[in-house]
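Note: the block below is model33.cif and it holds mmCIF, C-alpha atoms.
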```cif
data_structure
loop_
_atom_site.label_atom_id
_atom_site.label_comp_id
_atom_site.auth_asym_id
_atom_site.auth_seq_id
_atom_site.Cartn_x
_atom_site.Cartn_y
_atom_site.Cartn_z
CA ARG G 264 0.00 0.00 0.00
CA VAL G 265 2.81 2.41 0.82
CA GLY G 266 4.56 1.61 -2.46
CA ILE G 267 1.41 2.19 -4.52
CA LEU G 268 0.70 5.43 -2.65
CA VAL G 269 4.22 6.79 -3.19
CA GLY G 270 4.23 5.67 -6.84
CA SER G 271 0.83 7.22 -7.47
CA LEU G 272 1.88 10.53 -5.96
CA ALA G 273 5.09 10.51 -8.01
CA GLY G 274 3.12 9.66 -11.19
CA LEU G 275 0.56 12.39 -10.54
CA ALA G 276 3.33 14.91 -9.94
CA LEU G 277 4.94 13.92 -13.24
CA LEU G 278 1.64 14.25 -15.11
CA ALA G 279 0.79 17.53 -13.38
CA SER G 280 4.07 19.02 -14.59
CA ASN G 281 2.65 18.91 -18.11
CA PHE G 282 -0.03 21.45 -17.18
CA ILE G 283 2.21 23.94 -15.34
CA PRO G 284 3.24 26.60 -17.89
CA PHE G 285 6.51 27.73 -16.26
CA LEU G 286 7.79 24.12 -16.08
CA ARG G 287 7.22 23.10 -19.70
CA HIS G 288 4.94 23.69 -22.64
CA PHE G 289 2.13 21.20 -22.99
CA ALA G 290 2.66 18.68 -25.76
CA ALA G 291 0.42 15.70 -26.41
CA GLN G 292 3.33 13.42 -27.29
CA THR G 293 5.21 14.35 -24.09
CA PHE G 294 2.07 13.85 -22.00
CA GLN G 295 1.55 10.38 -23.47
CA LEU G 296 5.18 9.49 -22.67
CA ASP G 297 4.78 10.77 -19.08
CA LEU G 298 1.57 8.76 -18.77
CA VAL G 299 3.50 5.59 -19.63
CA ASN G 300 6.31 6.61 -17.25
CA ALA G 301 3.80 7.22 -14.45
CA GLY G 302 2.38 3.73 -14.93
CA VAL G 303 5.87 2.25 -14.82
CA ILE G 304 6.64 4.21 -11.63
CA VAL G 305 3.47 2.88 -9.95
CA LEU G 306 4.25 -0.70 -10.97
CA LEU G 307 7.87 -0.46 -9.76
CA SER G 308 6.75 1.12 -6.48
CA TRP G 309 4.17 -1.65 -6.00
CA PHE G 310 6.82 -4.31 -6.69
CA ILE G 311 9.43 -2.77 -4.35
CA GLY G 312 6.77 -2.25 -1.69
CA GLY G 313 5.76 -5.91 -2.00
CA LEU G 314 9.38 -6.98 -1.50
CA SER G 315 9.57 -4.74 1.56
CA ASP G 316 6.40 -6.30 2.99
CA ILE G 317 7.77 -9.80 2.42
CA GLU G 318 11.02 -8.84 4.16
CA ALA G 319 9.17 -7.33 7.13
CA GLU G 320 6.88 -10.37 7.40
CA THR G 321 9.85 -12.74 7.22
CA ARG G 322 11.72 -10.75 9.85
CA ASN G 323 8.70 -10.78 12.18
CA THR G 324 8.20 -14.52 11.62
CA LEU G 325 11.84 -15.27 12.42
CA ALA G 326 11.68 -13.08 15.53
CA HIS G 327 8.53 -14.92 16.63
CA LEU G 328 10.18 -18.31 16.05
CA ALA G 329 13.27 -17.18 17.96
CA ASP G 330 11.21 -16.05 20.98
CA THR G 331 8.49 -18.72 21.05
CA ASP G 332 8.41 -22.33 22.19
CA GLY G 333 7.20 -24.39 19.25
CA LEU G 334 5.08 -26.80 21.34
CA THR G 335 3.29 -24.53 23.80
CA GLY G 336 3.26 -21.20 21.98
CA LEU G 337 4.66 -19.45 25.08
CA TYR G 338 7.95 -17.57 25.31
CA ASN G 339 10.96 -19.88 25.26
CA HIS G 340 13.78 -20.07 27.80
CA ARG G 341 16.04 -17.56 26.03
CA CYS G 342 13.32 -14.94 25.65
CA PHE G 343 12.26 -15.45 29.29
CA GLN G 344 15.79 -14.76 30.52
CA GLU G 345 16.08 -11.61 28.40
CA ARG G 346 12.72 -10.21 29.47
CA LEU G 347 13.35 -11.05 33.12
CA ARG G 348 16.65 -9.15 33.07
CA ASP G 349 14.96 -6.14 31.47
CA LEU G 350 12.11 -6.21 34.00
CA LEU G 351 14.55 -6.48 36.91
CA GLU G 352 16.41 -3.41 35.68
CA GLU G 353 13.10 -1.57 35.45
CA ALA G 354 12.06 -2.76 38.93
CA GLU G 355 15.37 -1.59 40.39
CA LYS G 356 15.07 1.78 38.65
CA ASN G 357 11.47 2.35 39.81
CA ASN G 358 11.88 0.64 43.20
CA THR G 359 8.96 -1.72 42.51
CA PRO G 360 8.53 -5.42 43.41
CA LEU G 361 8.70 -8.36 41.03
CA SER G 362 7.69 -11.96 41.67
CA LEU G 363 8.57 -15.19 39.93
CA LEU G 364 6.51 -18.39 39.92
CA LEU G 365 8.19 -21.63 38.83
CA LEU G 366 5.73 -24.48 38.29
CA ASP G 367 6.31 -28.15 37.59
CA LEU G 368 3.70 -30.75 36.60
CA ASP G 369 3.37 -33.52 39.18
CA HIS G 370 3.93 -37.16 38.13
CA PHE G 371 4.42 -36.10 34.51
CA LYS G 372 6.94 -38.89 33.83
CA PHE G 373 4.28 -41.38 34.92
CA TYR G 374 1.79 -39.64 32.63
CA ASN G 375 4.20 -39.94 29.70
CA ASP G 376 4.88 -43.59 30.47
CA THR G 377 1.21 -44.55 30.66
CA GLN G 378 -0.29 -42.27 28.00
CA GLY G 379 2.61 -41.99 25.58
CA HIS G 380 4.82 -39.05 24.71
CA GLN G 381 2.45 -37.74 22.03
CA LYS G 382 -0.33 -37.28 24.57
CA GLY G 383 2.25 -35.81 26.92
CA ASP G 384 3.11 -33.22 24.28
CA ARG G 385 -0.60 -32.48 23.81
CA ALA G 386 -0.96 -31.98 27.56
CA LEU G 387 1.96 -29.51 27.53
CA ALA G 388 0.40 -27.69 24.57
CA GLU G 389 -2.93 -27.50 26.43
CA LEU G 390 -1.18 -26.15 29.50
CA GLY G 391 0.56 -23.52 27.37
CA GLU G 392 -2.79 -22.44 25.92
CA LEU G 393 -4.30 -22.41 29.42
CA LEU G 394 -1.51 -20.20 30.80
CA SER G 395 -1.71 -17.82 27.85
CA ARG G 396 -5.42 -17.28 28.69
CA LEU G 397 -5.03 -17.07 32.46
CA VAL G 398 -1.92 -14.87 32.70
CA PRO G 399 -2.88 -11.25 31.94
CA ALA G 400 -0.48 -8.52 30.77
CA PRO G 401 1.89 -7.18 32.02
CA TYR G 402 2.43 -10.66 33.53
CA PHE G 403 3.73 -13.29 31.14
CA ALA G 404 4.31 -17.04 31.08
CA ALA G 405 7.15 -19.00 29.47
CA ARG G 406 8.26 -22.58 29.11
CA TYR G 407 11.36 -23.05 31.23
CA GLY G 408 12.12 -26.57 30.01
CA GLY G 409 10.51 -30.01 29.92
CA GLU G 410 7.36 -29.89 32.07
CA GLU G 411 8.55 -26.78 33.94
CA PHE G 412 6.96 -23.40 33.27
CA VAL G 413 7.60 -19.96 34.69
CA VAL G 414 5.30 -16.99 35.27
CA VAL G 415 6.82 -13.53 35.75
CA LEU G 416 4.73 -11.03 37.72
CA PRO G 417 6.18 -7.50 37.46
CA GLY G 418 4.81 -5.21 40.17
CA ALA G 419 3.33 -8.08 42.19
CA THR G 420 4.05 -8.38 45.91
CA ARG G 421 4.62 -11.70 47.67
CA GLN G 422 1.00 -11.89 48.81
CA GLU G 423 -0.34 -11.05 45.35
CA ALA G 424 1.94 -13.64 43.74
CA GLN G 425 0.85 -16.29 46.25
CA SER G 426 -2.82 -15.62 45.54
CA PHE G 427 -2.20 -15.73 41.79
CA GLY G 428 -0.21 -18.97 42.12
CA GLU G 429 -3.00 -20.62 44.07
CA TYR G 430 -5.47 -19.44 41.42
CA LEU G 431 -3.35 -21.01 38.66
CA ALA G 432 -2.96 -24.23 40.64
CA GLU G 433 -6.73 -24.57 41.00
CA LYS G 434 -7.32 -23.90 37.31
CA ILE G 435 -4.71 -26.47 36.25
CA ALA G 436 -6.06 -29.10 38.65
CA SER G 437 -9.62 -28.56 37.42
CA HIS G 438 -8.70 -28.67 33.73
CA SER G 439 -9.65 -31.89 31.95
CA PHE G 440 -6.42 -33.34 30.53
CA GLU G 441 -6.84 -36.56 28.56
CA GLY G 442 -5.90 -39.61 30.62
CA ALA G 443 -5.28 -37.60 33.81
CA HIS G 444 -7.65 -39.90 35.74
CA ASN G 445 -4.88 -42.54 35.70
CA LEU G 446 -2.55 -40.33 37.77
CA PRO G 447 -2.15 -40.93 41.54
CA GLN G 448 -4.43 -37.98 42.40
CA GLY G 449 -6.82 -38.64 39.54
CA ARG G 450 -5.93 -35.35 37.89
CA LEU G 451 -2.93 -33.44 36.55
CA THR G 452 -1.64 -31.01 39.18
CA ALA G 453 1.30 -28.64 39.49
CA SER G 454 3.67 -27.67 42.29
CA PHE G 455 4.80 -24.08 42.63
CA GLY G 456 7.89 -22.28 43.90
CA LEU G 457 7.90 -18.54 44.57
CA ALA G 458 10.74 -16.02 44.61
CA CYS G 459 10.44 -12.26 44.97
CA TYR G 460 12.65 -9.30 44.13
CA PRO G 461 14.44 -7.88 46.08
CA GLU G 462 13.99 -10.17 49.11
CA ASP G 463 15.08 -13.44 47.48
CA GLY G 464 17.60 -12.08 45.00
CA SER G 465 18.56 -9.10 42.89
CA SER G 466 19.53 -10.91 39.68
CA ALA G 467 17.72 -13.25 37.31
CA GLN G 468 19.94 -16.17 38.31
CA GLU G 469 19.35 -15.63 42.04
CA LEU G 470 15.58 -15.41 41.60
CA VAL G 471 15.40 -18.56 39.48
CA GLU G 472 17.57 -20.47 41.96
CA ALA G 473 15.39 -19.33 44.89
CA ALA G 474 12.21 -20.32 43.04
CA ASP G 475 13.79 -23.67 42.12
CA HIS G 476 14.62 -24.38 45.78
CA ALA G 477 11.06 -23.51 46.81
CA LEU G 478 9.70 -25.73 44.03
CA TYR G 479 11.67 -28.75 45.20
CA GLN G 480 10.49 -28.09 48.74
CA ALA G 481 6.92 -28.19 47.48
CA LYS G 482 7.65 -31.45 45.63
CA TYR G 483 9.41 -33.31 48.39
CA SER G 484 7.35 -32.10 51.34
CA ARG G 485 4.21 -33.27 49.49
CA ARG G 486 2.35 -30.01 50.02
CA LEU G 487 -0.68 -29.67 47.78
CA HIS G 488 0.20 -26.71 45.64
CA PHE G 489 2.46 -24.11 47.09
CA TYR G 490 5.51 -23.59 49.25
CA PHE G 491 7.95 -20.86 50.26
CA SER G 492 11.67 -21.00 50.90
CA VAL G 493 12.79 -21.51 54.51
CA VAL G 494 14.70 -18.24 54.22
CA ASP G 495 11.39 -16.37 54.40
CA ARG G 496 11.18 -17.14 58.11
CA PHE G 497 14.28 -15.05 58.82
CA ARG G 498 13.42 -11.70 57.22
CA ALA G 499 13.38 -9.91 60.59
CA LEU G 500 16.95 -10.83 61.49
CA SER G 501 19.57 -8.13 62.09
CA ARG G 502 22.31 -7.47 59.54
CA SER G 503 24.90 -9.55 61.40
CA GLU G 504 22.43 -12.41 61.87
CA ARG G 505 21.52 -12.31 58.18
CA GLU G 506 25.18 -12.56 57.23
CA LEU G 507 25.45 -15.61 59.47
CA PHE G 508 22.32 -17.14 57.97
CA ASN G 509 23.71 -16.59 54.46
CA SER G 510 26.52 -18.92 55.49
CA LEU G 511 23.97 -21.42 56.77
CA LYS G 512 22.18 -21.24 53.42
CA ILE G 513 25.32 -22.48 51.73
CA LEU G 514 25.41 -25.49 54.05
CA LEU G 515 21.70 -26.11 53.42
CA ALA G 516 22.32 -26.01 49.68
CA LEU G 517 25.09 -28.58 50.03
CA ILE G 518 22.82 -30.93 51.93
CA ASN G 519 19.99 -30.50 49.45
CA VAL G 520 22.28 -31.23 46.51
CA ARG G 521 23.36 -34.45 48.20
CA ASP G 522 19.83 -35.56 49.11
CA ARG G 523 16.66 -33.99 47.67
CA TYR G 524 14.56 -35.68 50.36
CA THR G 525 16.10 -33.29 52.91
CA TYR G 526 14.00 -30.44 51.48
CA GLY G 527 10.87 -31.68 53.21
CA HIS G 528 12.39 -33.64 56.07
CA SER G 529 14.51 -30.87 57.60
CA GLU G 530 11.61 -28.43 57.45
CA ARG G 531 9.29 -30.84 59.21
CA VAL G 532 11.88 -31.40 61.93
CA GLY G 533 12.21 -27.60 62.25
CA ASP G 534 8.45 -27.13 62.55
CA TYR G 535 8.14 -29.85 65.20
CA ALA G 536 11.12 -28.50 67.16
CA ALA G 537 9.74 -24.95 67.10
CA ALA G 538 6.25 -26.13 68.12
CA LEU G 539 7.66 -28.11 71.07
CA ALA G 540 9.84 -25.17 72.12
CA GLN G 541 6.86 -22.79 72.06
CA LYS G 542 4.80 -25.28 74.06
CA LEU G 543 7.60 -25.37 76.65
CA GLY G 544 7.52 -21.57 76.84
CA LEU G 545 11.05 -20.97 75.57
CA PRO G 546 12.00 -17.42 74.52
CA PRO G 547 11.49 -16.56 70.81
CA ALA G 548 15.25 -16.31 70.25
CA GLU G 549 15.76 -19.89 71.45
CA VAL G 550 12.83 -21.09 69.32
CA GLU G 551 14.48 -19.69 66.19
CA LEU G 552 17.84 -21.12 67.29
CA LEU G 553 16.25 -24.56 67.51
CA ARG G 554 14.69 -24.07 64.09
CA CYS G 555 18.10 -23.22 62.58
CA GLY G 556 19.62 -26.25 64.27
CA ALA G 557 16.89 -28.45 62.83
CA TYR G 558 17.65 -27.28 59.30
CA LEU G 559 21.28 -28.30 59.80
CA HIS G 560 20.77 -31.52 61.74
CA ASP G 561 21.58 -33.60 58.64
CA ILE G 562 24.83 -31.76 57.84
CA GLY G 563 26.66 -35.09 58.08
CA LYS G 564 25.15 -36.04 54.74
CA VAL G 565 27.73 -33.80 53.09
CA GLU G 566 30.41 -36.43 53.78
CA VAL G 567 28.31 -39.55 53.33
CA PRO G 568 28.89 -41.18 49.90
CA PHE G 569 26.10 -40.49 47.42
CA THR G 570 25.62 -44.20 46.73
CA VAL G 571 24.93 -44.80 50.42
CA LEU G 572 22.53 -41.87 50.81
CA ASN G 573 20.40 -42.97 47.87
CA LYS G 574 20.71 -46.73 48.32
#
```

Show this structure as structure tokens.
Amino acid sequence: RVGILVGSLAGLALLASNFIPFLRHFAAQTFQLDLVNAGVIVLLSWFIGGLSDIEAETRNTLAHLADTDGLTGLYNHRCFQERLRDLLEEAEKNNTPLSLLLLDLDHFKFYNDTQGHQKGDRALAELGELLSRLVPAPYFAARYGGEEFVVVLPGATRQEAQSFGEYLAEKIASHSFEGAHNLPQGRLTASFGLACYPEDGSSAQELVEAADHALYQAKYSRRLHFYFSVVDRFRALSRSERELFNSLKILLALINVRDRYTYGHSERVGDYAAALAQKLGLPPAEVELLRCGAYLHDIGKVEVPFTVLNK
């Protein structure tokens, strides 16, 4: 359209020059030649404009393919990382919160084994379509990898992200996936991990790692839908205590790498220890000290051979 418009204007200008006395004297033969030239100009402009449209369409298609997961239609891992970095820079500049939800389908390997990988792919495609409908702008969803998906919530606080995560979990659990009745719970469900900027990390890598830890806690503690990192309990600590707890986090990470089961077990021991301490009337400081000790009570696993731990 742009090419035809430009060509038509150029052709009209050429033809109009025949009727302007101070430009040239009107001659029928010259006007006929300019008429042919004007037609050629319009055709060339239409052709060049068509090539430009094809180039723009091809460029947009390639950009879409580069940013989109072919199975689910959501953003792919690379695009997610780029957008998350940009949104974190914006959140830091405007001093606004940002939350990250990492979700993983429960028992999906069993679903693939019983239903077949083609139905598994269809289930992932359905989930992608479901997330694209349920996640409103400026939030966005992306496929992180395999059966893991991520939802980025710019401007959302921890409480808002938790409510939205629970809403997504209910919608996924109530969706009718083919063959989901054969799963242990009779339906296809998802576990969620939550991480928030700036409390859980200031970079994309830190937020994803925090959400991944929370996700594995949700998986291995067998909570229904949602779980937070144990670090959330210690937000009121002083600066020196936080520095100490950062060191404890490293030890916790070492234990969890050695034995994923520890995610749920150590937290349950911590909850029981804190409940008993409160029942005994111990001071709050000693209650939290017991909770920290509970998280580290399996520190010996760091030196136990992996083959023994998982025998």

Could you write out as an mmCIF file with C-alpha atoms, in the frame of the given file the residues that the PyMOL selection byres ((chain G and resi 270) around 8) matches in the shown file?
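Contents of the output file selection.cif:
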```cif
data_model
loop_
_atom_site.group_PDB
_atom_site.id
_atom_site.type_symbol
_atom_site.label_atom_id
_atom_site.label_comp_id
_atom_site.auth_asym_id
_atom_site.auth_seq_id
_atom_site.Cartn_x
_atom_site.Cartn_y
_atom_site.Cartn_z
ATOM 1 C CA GLY G 266 4.560 1.610 -2.460
ATOM 2 C CA ILE G 267 1.410 2.190 -4.520
ATOM 3 C CA LEU G 268 0.700 5.430 -2.650
ATOM 4 C CA VAL G 269 4.220 6.790 -3.190
ATOM 5 C CA SER G 271 0.830 7.220 -7.470
ATOM 6 C CA LEU G 272 1.880 10.530 -5.960
ATOM 7 C CA ALA G 273 5.090 10.510 -8.010
ATOM 8 C CA GLY G 274 3.120 9.660 -11.190
ATOM 9 C CA ALA G 301 3.800 7.220 -14.450
ATOM 10 C CA ILE G 304 6.640 4.210 -11.630
ATOM 11 C CA VAL G 305 3.470 2.880 -9.950
ATOM 12 C CA LEU G 306 4.250 -0.700 -10.970
ATOM 13 C CA LEU G 307 7.870 -0.460 -9.760
ATOM 14 C CA SER G 308 6.750 1.120 -6.480
ATOM 15 C CA TRP G 309 4.170 -1.650 -6.000
#
```

Residues within 9 Å of Ala388 in chain G, only C-alpha atoms, excluding chain neighbours under 3 positions, as a ChimeraX atom specification | /G:334-336,383-385,391-393

Discussion item. Expand the PyMOL selection byres ((chain G and resi 316-332) around 10) into the explicit residue set it covers here, and present it as a PyMOL selection string.
Written reply: chain G and resi 264-266+310-315+333-343+345+388+391+405-408

So that I have them on file, write out the residues from the current selection with C-alpha atoms, as a PDB file, keeping the file's coordinate frame.
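The resulting file, part_9.pdb, is reproduced below:
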```pdb
ATOM      1  CA  ARG G 264       0.000   0.000   0.000  1.00  0.00           C
ATOM      2  CA  VAL G 265       2.810   2.410   0.820  1.00  0.00           C
ATOM      3  CA  GLY G 266       4.560   1.610  -2.460  1.00  0.00           C
ATOM      4  CA  PHE G 310       6.820  -4.310  -6.690  1.00  0.00           C
ATOM      5  CA  ILE G 311       9.430  -2.770  -4.350  1.00  0.00           C
ATOM      6  CA  GLY G 312       6.770  -2.250  -1.690  1.00  0.00           C
ATOM      7  CA  GLY G 313       5.760  -5.910  -2.000  1.00  0.00           C
ATOM      8  CA  LEU G 314       9.380  -6.980  -1.500  1.00  0.00           C
ATOM      9  CA  SER G 315       9.570  -4.740   1.560  1.00  0.00           C
ATOM     10  CA  GLY G 333       7.200 -24.390  19.250  1.00  0.00           C
ATOM     11  CA  LEU G 334       5.080 -26.800  21.340  1.00  0.00           C
ATOM     12  CA  THR G 335       3.290 -24.530  23.800  1.00  0.00           C
ATOM     13  CA  GLY G 336       3.260 -21.200  21.980  1.00  0.00           C
ATOM     14  CA  LEU G 337       4.660 -19.450  25.080  1.00  0.00           C
ATOM     15  CA  TYR G 338       7.950 -17.570  25.310  1.00  0.00           C
ATOM     16  CA  ASN G 339      10.960 -19.880  25.260  1.00  0.00           C
ATOM     17  CA  HIS G 340      13.780 -20.070  27.800  1.00  0.00           C
ATOM     18  CA  ARG G 341      16.040 -17.560  26.030  1.00  0.00           C
ATOM     19  CA  CYS G 342      13.320 -14.940  25.650  1.00  0.00           C
ATOM     20  CA  PHE G 343      12.260 -15.450  29.290  1.00  0.00           C
ATOM     21  CA  GLU G 345      16.080 -11.610  28.400  1.00  0.00           C
ATOM     22  CA  ALA G 388       0.400 -27.690  24.570  1.00  0.00           C
ATOM     23  CA  GLY G 391       0.560 -23.520  27.370  1.00  0.00           C
ATOM     24  CA  ALA G 405       7.150 -19.000  29.470  1.00  0.00           C
ATOM     25  CA  ARG G 406       8.260 -22.580  29.110  1.00  0.00           C
ATOM     26  CA  TYR G 407      11.360 -23.050  31.230  1.00  0.00           C
ATOM     27  CA  GLY G 408      12.120 -26.570  30.010  1.00  0.00           C
TER      28      GLY G 408
END
```

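Note that the spacing between CA of Glu410 in chain G and CA of Leu368 in chain G amounts to 5.9 Å.
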
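Polymer residues near (14.5, -22.2, 68.3): counting only C-alpha atoms with a cut-off of 12 Å, they are Arg496, Phe497, Val532, Gly533, Asp534, Tyr535, Ala536, Ala537, Ala538, Leu539, Ala540, Gln541, Lys542, Leu543, Gly544, Leu545, Pro546, Pro547, Ala548, Glu549, Val550, Glu551, Leu552, Leu553, Arg554, Cys555, Gly556, Ala557 and Tyr558 of chain G.
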
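Every residue that the PyMOL selection byres ((chain G and resi 277) around 12) selects in this file is listed here: Gly270, Ser271, Leu272, Ala273, Gly274, Leu275, Ala276, Leu278, Ala279, Ser280, Asn281, Phe282, Ile283, Leu286, Arg287, Thr293, Phe294, Gln295, Leu296, Asp297, Leu298, Val299, Asn300, Ala301, Gly302, Val303, Ile304 and Val305 of chain G.
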
Using all atoms listed in the file, which residues sit within 8 Å of range 444-449 of chain G once same-chain residues fewer than 2 positions away are excluded, as a list in words?
His370, Phe373, Tyr374, Glu441, Gly442 and Leu451 of chain G

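CA of Leu397 in chain G to CA of Ala458 in chain G spans 19.9 Å [interatomic distance, one decimal].
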
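Restricting the calculation to only C-alpha atoms, the smallest distance between Tyr430 in chain G and any of G:Phe455, G:Glu389, G:Val415, G:Gly464 is found for G:Phe455.
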
From CA of Ile518 in chain G to CA of Tyr479 in chain G the spacing works out at 13.2 Å

Around all listed atoms of range 344-362 of chain G, padded 5 Å per side, what centre and edge lengths does the axis-aligned box have in Å to one decimal, as JSON?
```
{"center_x": 12.2, "center_y": -6.2, "center_z": 35.9, "size_x": 19.0, "size_y": 27.1, "size_z": 25.0}
```

List the neighbours of Pro360 in chain G out to 7 Å using only C-alpha atoms; skip same-chain residues closer than 2 positions along the sequence, and give me the result as a VMD selection string. chain G and resid 354 358 362 417 to 420 460 to 461

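Protein and nucleic acid residues near (16.9, -18.1, 46.4) are G:Ala458, G:Cys459, G:Glu462, G:Asp463, G:Gly464, G:Gln468, G:Glu469, G:Leu470, G:Val471, G:Glu472, G:Ala473, G:Ala474, G:Asp475, G:His476, G:Ala477, G:Ser492, G:Val494, the criterion being any atom at most 9 Å away using all atoms listed in the file.
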
Shortest contact to Leu478 in chain G, candidates G:Gln425, G:Ser454, G:Ser529, G:Asn573, atoms counted only C-alpha atoms, goes to G:Ser454

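Distances from G:Val567, G:Ala432, G:Leu572, G:Leu350 to Leu366 in chain G were compared using only C-alpha atoms, and the smallest one belongs to G:Ala432.
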